[in-house]
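Participant: Input structure: structure21.tsv, which contains TSV, C-alpha atoms.
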```tsv
chain	number	residue	atom	x	y	z
A	1	MET	CA	-8.95	11.82	2.10
A	2	ILE	CA	-6.97	9.15	3.94
A	3	GLY	CA	-10.17	7.30	4.80
A	4	LEU	CA	-11.33	7.37	1.18
A	5	ALA	CA	-7.87	6.22	0.08
A	6	ALA	CA	-8.18	3.23	2.42
A	7	THR	CA	-11.53	2.33	0.87
A	8	ALA	CA	-10.26	2.62	-2.71
A	9	TYR	CA	-7.15	0.61	-1.83
A	10	THR	CA	-9.33	-2.39	-0.94
A	11	ALA	CA	-11.10	-2.46	-4.32
A	12	TRP	CA	-9.28	-5.70	-5.13
A	13	VAL	CA	-11.65	-7.54	-2.76
A	14	MET	CA	-14.23	-7.27	-5.55
A	15	GLU	CA	-12.49	-10.28	-7.06
A	16	VAL	CA	-14.56	-12.31	-4.59
A	17	VAL	CA	-17.73	-11.51	-6.57
A	18	LEU	CA	-16.26	-10.67	-9.99
A	19	SER	CA	-15.01	-13.29	-12.41
A	20	THR	CA	-11.33	-12.39	-12.81
A	21	GLY	CA	-9.98	-15.84	-13.67
A	22	LEU	CA	-7.07	-15.30	-11.24
A	23	ASN	CA	-6.43	-17.38	-8.14
A	24	PRO	CA	-6.15	-14.95	-5.19
A	25	ILE	CA	-3.95	-17.40	-3.28
A	26	GLN	CA	-1.28	-17.57	-5.98
A	27	THR	CA	-1.35	-14.38	-8.05
A	28	TYR	CA	-0.03	-10.85	-7.54
A	29	VAL	CA	-2.67	-8.27	-6.62
A	30	SER	CA	-1.29	-6.09	-9.43
A	31	GLU	CA	-2.11	-8.81	-11.97
A	32	LEU	CA	-5.76	-7.83	-11.57
A	33	ALA	CA	-4.82	-4.55	-13.26
A	34	ALA	CA	-2.71	-6.10	-16.03
A	35	GLN	CA	-3.34	-4.85	-19.55
A	36	ASP	CA	-4.51	-8.25	-20.77
A	37	GLN	CA	-7.15	-8.59	-18.04
A	38	PRO	CA	-10.80	-7.76	-18.87
A	39	LEU	CA	-11.26	-5.79	-15.63
A	40	GLY	CA	-7.79	-4.27	-15.66
A	41	GLY	CA	-9.09	-0.77	-16.33
A	42	LEU	CA	-11.34	-0.88	-13.28
A	43	PHE	CA	-8.54	-1.89	-10.91
A	44	ARG	CA	-6.11	0.62	-12.43
A	45	ALA	CA	-8.68	3.36	-11.83
A	46	THR	CA	-9.18	2.41	-8.18
A	47	ASP	CA	-5.41	2.20	-7.62
A	48	PHE	CA	-4.94	5.65	-9.11
A	49	THR	CA	-7.78	7.05	-6.98
A	50	ALA	CA	-6.34	5.53	-3.80
A	51	GLY	CA	-2.89	6.84	-4.59
A	52	LEU	CA	-4.05	10.34	-5.45
A	53	LEU	CA	-6.11	10.61	-2.27
A	54	ALA	CA	-3.30	9.32	-0.04
A	55	PHE	CA	-0.78	11.60	-1.72
A	56	THR	CA	-2.98	14.66	-1.29
A	57	GLY	CA	-3.86	13.82	2.32
A	58	GLY	CA	-0.23	13.21	3.23
A	59	LEU	CA	0.93	16.37	1.50
A	60	LEU	CA	-1.68	18.50	3.27
A	61	ALA	CA	-0.60	17.01	6.61
A	62	LEU	CA	3.03	17.91	5.87
A	63	VAL	CA	2.00	21.47	4.98
A	64	ARG	CA	0.08	21.73	8.24
A	65	LEU	CA	3.11	20.50	10.19
A	66	ARG	CA	5.25	23.11	8.47
A	67	TRP	CA	2.96	25.93	9.58
A	68	HIS	CA	2.43	24.59	13.10
A	69	HIS	CA	5.98	24.35	14.35
A	70	ASP	CA	4.99	23.14	17.80
A	71	THR	CA	3.71	19.90	16.28
A	72	ARG	CA	6.48	19.49	13.74
A	73	ARG	CA	8.28	16.54	15.27
A	74	ARG	CA	10.51	14.23	13.32
A	75	TRP	CA	8.43	11.05	13.71
A	76	SER	CA	5.32	12.86	12.49
A	77	VAL	CA	7.16	14.39	9.53
A	78	ALA	CA	8.70	11.03	8.60
A	79	GLY	CA	5.33	9.29	8.90
A	80	TRP	CA	3.38	11.72	6.76
A	81	ALA	CA	6.24	11.76	4.24
A	82	GLY	CA	5.85	7.98	4.05
A	83	VAL	CA	2.11	8.29	3.43
A	84	THR	CA	2.80	10.87	0.70
A	85	LEU	CA	5.38	8.60	-0.96
A	86	PHE	CA	2.98	5.67	-0.73
A	87	GLY	CA	0.27	7.70	-2.45
A	88	ALA	CA	2.49	8.99	-5.25
A	89	ALA	CA	3.95	5.54	-5.99
A	90	THR	CA	0.54	3.84	-5.86
A	91	ALA	CA	-0.84	6.37	-8.35
A	92	ALA	CA	2.21	5.71	-10.57
A	93	ASP	CA	1.47	1.96	-10.40
A	94	ALA	CA	-1.80	2.60	-12.21
A	95	TRP	CA	0.06	4.15	-15.13
A	96	LEU	CA	2.69	1.39	-15.21
A	97	PRO	CA	0.60	-1.80	-15.42
A	98	LEU	CA	1.89	-5.26	-16.17
A	99	SER	CA	1.24	-6.35	-19.75
A	100	CYS	CA	0.44	-9.95	-18.75
A	101	THR	CA	0.15	-12.24	-15.72
A	102	PRO	CA	3.44	-14.02	-14.95
A	103	THR	CA	2.16	-16.19	-12.10
A	104	VAL	CA	-0.46	-17.94	-14.27
A	105	ASP	CA	0.87	-17.50	-17.81
A	106	PRO	CA	4.07	-19.54	-18.42
A	107	GLU	CA	4.79	-17.59	-21.62
A	108	CYS	CA	4.56	-14.30	-19.72
A	109	ALA	CA	6.83	-15.65	-17.00
A	110	ALA	CA	9.38	-16.80	-19.58
A	111	LEU	CA	9.34	-13.43	-21.32
A	112	GLU	CA	9.76	-11.68	-17.99
A	113	THR	CA	12.72	-13.88	-17.09
A	114	ALA	CA	14.29	-13.16	-20.49
A	115	LYS	CA	13.56	-9.44	-19.99
A	116	LEU	CA	11.51	-9.35	-23.20
A	117	VAL	CA	8.43	-7.79	-21.61
A	118	PRO	CA	7.66	-4.06	-21.90
A	119	ALA	CA	9.69	-1.68	-19.72
A	120	THR	CA	6.58	-1.05	-17.66
A	121	HIS	CA	7.17	-4.38	-15.89
A	122	GLN	CA	10.44	-3.15	-14.39
A	123	ALA	CA	9.02	0.30	-13.76
A	124	HIS	CA	6.03	-1.28	-12.02
A	125	ALA	CA	8.34	-3.29	-9.78
A	126	VAL	CA	10.13	-0.09	-8.79
A	127	SER	CA	6.94	1.89	-8.14
A	128	SER	CA	5.41	-0.98	-6.16
A	129	SER	CA	8.55	-1.24	-4.03
A	130	LEU	CA	8.47	2.51	-3.39
A	131	ALA	CA	4.78	2.34	-2.49
A	132	MET	CA	5.36	-0.37	0.10
A	133	THR	CA	8.45	1.39	1.42
A	134	GLY	CA	6.38	4.53	1.90
A	135	ALA	CA	3.57	2.55	3.53
A	136	LEU	CA	5.95	0.86	5.98
A	137	LEU	CA	7.60	4.18	6.82
A	138	GLY	CA	4.22	5.77	7.45
A	139	ILE	CA	2.89	2.85	9.48
A	140	VAL	CA	5.92	2.64	11.76
A	141	ALA	CA	6.71	6.35	12.11
A	142	LEU	CA	3.17	7.62	12.71
A	143	THR	CA	2.47	4.79	15.16
A	144	VAL	CA	5.63	5.72	17.07
A	145	ALA	CA	4.60	9.41	16.89
A	146	ALA	CA	1.14	8.63	18.25
A	147	ARG	CA	2.58	6.84	21.27
A	148	ARG	CA	5.50	9.20	21.87
A	149	TYR	CA	3.64	12.49	21.47
A	150	GLY	CA	0.37	11.44	23.09
A	151	ARG	CA	-1.73	11.99	19.96
A	152	PHE	CA	-4.12	9.94	17.83
A	153	ALA	CA	-5.29	7.72	20.71
A	154	PRO	CA	-6.83	4.90	18.58
A	155	LEU	CA	-3.62	4.68	16.53
A	156	ALA	CA	-1.49	4.67	19.67
A	157	GLU	CA	-3.55	1.78	21.05
A	158	TYR	CA	-4.01	-0.46	18.03
A	159	GLY	CA	-1.19	0.69	15.76
A	160	PRO	CA	1.57	-1.50	17.26
A	161	THR	CA	-0.42	-4.66	16.55
A	162	LEU	CA	-0.88	-3.63	12.93
A	163	VAL	CA	2.84	-2.79	12.67
A	164	VAL	CA	3.81	-6.32	13.76
A	165	LEU	CA	1.26	-7.97	11.46
A	166	GLU	CA	2.32	-5.79	8.53
A	167	LEU	CA	5.99	-6.66	9.00
A	168	LEU	CA	5.14	-10.37	9.11
A	169	ALA	CA	2.98	-10.11	5.97
A	170	THR	CA	5.75	-8.20	4.21
A	171	ALA	CA	8.31	-10.86	5.11
A	172	TRP	CA	5.95	-13.57	3.81
A	173	THR	CA	5.46	-11.66	0.55
A	174	LEU	CA	9.17	-11.00	-0.01
A	175	ILE	CA	10.11	-14.63	0.65
A	176	SER	CA	7.36	-15.86	-1.71
A	177	ILE	CA	8.48	-13.46	-4.44
A	178	SER	CA	12.08	-14.64	-4.08
A	179	LEU	CA	11.04	-18.28	-4.35
A	180	PHE	CA	8.80	-17.58	-7.35
A	181	THR	CA	11.56	-15.63	-9.11
A	182	ALA	CA	13.94	-18.54	-8.50
A	183	GLY	CA	11.42	-20.91	-10.12
A	184	HIS	CA	10.27	-22.68	-6.96
A	185	GLY	CA	6.54	-21.97	-7.20
A	186	THR	CA	4.43	-19.18	-5.79
A	187	TRP	CA	4.21	-20.35	-2.15
A	188	ALA	CA	0.85	-18.64	-1.63
A	189	LEU	CA	2.32	-15.38	-2.90
A	190	GLY	CA	-1.12	-13.94	-3.55
A	191	ALA	CA	-2.37	-14.64	-0.04
A	192	GLY	CA	0.67	-13.01	1.53
A	193	GLN	CA	0.50	-9.94	-0.66
A	194	ARG	CA	-3.24	-9.55	-0.17
A	195	MET	CA	-2.72	-9.71	3.57
A	196	GLN	CA	0.01	-7.10	3.21
A	197	VAL	CA	-2.12	-4.59	1.27
A	198	LEU	CA	-5.20	-5.28	3.40
A	199	LEU	CA	-3.26	-4.39	6.55
A	200	VAL	CA	-2.06	-1.17	4.89
A	201	ALA	CA	-5.67	-0.27	4.14
A	202	LEU	CA	-6.76	-1.11	7.70
A	203	TRP	CA	-3.97	1.05	9.10
A	204	LEU	CA	-4.94	3.94	6.81
A	205	GLY	CA	-8.51	3.59	8.02
A	206	LEU	CA	-7.32	3.62	11.64
A	207	LEU	CA	-5.20	6.71	10.92
A	208	ALA	CA	-8.16	8.51	9.34
A	209	TYR	CA	-10.37	7.64	12.32
A	210	SER	CA	-7.68	8.80	14.75
A	211	VAL	CA	-7.32	12.16	12.97
A	212	TYR	CA	-11.10	12.57	12.98
A	213	GLU	CA	-11.41	11.74	16.68
A	214	GLU	CA	-8.62	14.15	17.63
A	215	ARG	CA	-10.14	17.00	15.64
A	216	ARG	CA	-13.59	16.26	17.12
A	217	THR	CA	-12.34	16.34	20.71
```
What do you get writing this file as structure tokens?

Facilitator:
Amino acid sequence: MIGLAATAYTAWVMEVVLSTGLNPIQTYVSELAAQDQPLGGLFRATDFTAGLLAFTGGLLALVRLRWHHDTRRRWSVAGWAGVTLFGAATAADAWLPLSCTPTVDPECAALETAKLVPATHQAHAVSSSLAMTGALLGIVALTVAARRYGRFAPLAEYGPTLVVLELLATAWTLISISLFTAGHGTWALGAGQRMQVLLVALWLGLLAYSVYEERRT
């Protein structure tokens, strides 16, 4: 489930071959799923699928930890809880789409600044923040767990690199969002955020492979 979630979470790369009309360097990833976008339904469906799969996979892992007390260690519990939160919030994102595209539509940006857009804009901001919080918690905690408890060998080896890259991409995204909100341009907001979500997907894929390898051996 985690592996499939990683695949679905990279559906936005289809913008390379699909005509979305949005500049991937400057626009939010979530603007692909906006209600006024012709392919919005497709990207909302893939977001919901990714979220549901990650939520289910994380929840099953937590249940397994509950019944196997010898493996129920705090870093593992925190990490899988983060994955579960990420999944739930990502699925919620699909049901709370933006109504328009503020980075490319000046009227949308003005309405958003004046708080005249639908309530889903604010709700989407909250769910997206929760999703990334859950992802960061999962990435850091499960990587620490893999190294500390001697499990998930691929994650223990490559996870730290992805943690550092993810934190850098998150800092880039947050700074760009702050500058855009203050009216100072996008500062390659789209590139930073796409790097951020791509690294989350890569880490999920690494986690899925690590779980598979451990079960196989």

Participant: Which residues come within 12 Å of A:Leu167, counting all atoms listed in the file, excluding same-chain residues fewer than 3 positions away, as a list in words?

Facilitator: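 Contacts, with the query itself left out: Met132, Thr133, Ala135, Leu136, Leu137, Ile139, Val140, Pro160, Thr161, Leu162, Val163, Val164, Thr170, Ala171, Trp172, Thr173, Leu174, Gly192, Gln193, Met195, Gln196, Val197, Leu199 and Val200 of chain A.
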
Participant: Quick one, how far is atom CA of A:Thr7 from atom CA of A:Arg148?

Facilitator: 27.9 Å

Participant: To one decimal place in Å, what is the distance between atom CA of A:Ala92 and atom CA of A:Ser127?

Facilitator: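 According to the coordinates, atom CA of A:Ala92 and atom CA of A:Ser127 are separated by 6.5 Å.
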
Participant: Please provide the set of residues having any atom within 6 Å of stretch 24-27 of chain A, restricted to all atoms listed in the file, with same-chain residues fewer than 3 positions apart removed, written as a VMD selection string.

Facilitator: chain A and resid 103 186 188 to 191

Participant: Nearest to A:Ser76 among A:Leu53, A:Leu168, A:Ala141, A:Ala114, with distances taken over all atoms listed in the file: which residue is it?

Facilitator: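 Checking each of A:Leu53, A:Leu168, A:Ala141, A:Ala114 against A:Ser76, counting all atoms listed in the file, the winner is A:Ala141.
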
Participant: Would you please work out which residue, of A:Thr181, A:Pro118, A:Trp187, A:Gly159, is nearest to A:Gln35 when using all atoms listed in the file?

Facilitator: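 Closest candidate: A:Pro118.
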
Participant: Measure the distance from atom CA of A:Val104 to atom CA of A:Gln37 in Å and round it to one decimal.

Facilitator: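 Those two atoms sit 12.1 Å apart.
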
Participant: Up to 8 Å from (4.4, 15.0, 15.1) in the file's coordinates: name the residues, counting only C-alpha atoms, as number ranges by chain.

Facilitator: A: 65, 71-77, 142, 145-146, 149

Participant: For A:Cys108, which of A:His121, A:Gly138, A:Ala208, A:Phe86 is the closest residue, counting only C-alpha atoms?

Facilitator: A:His121
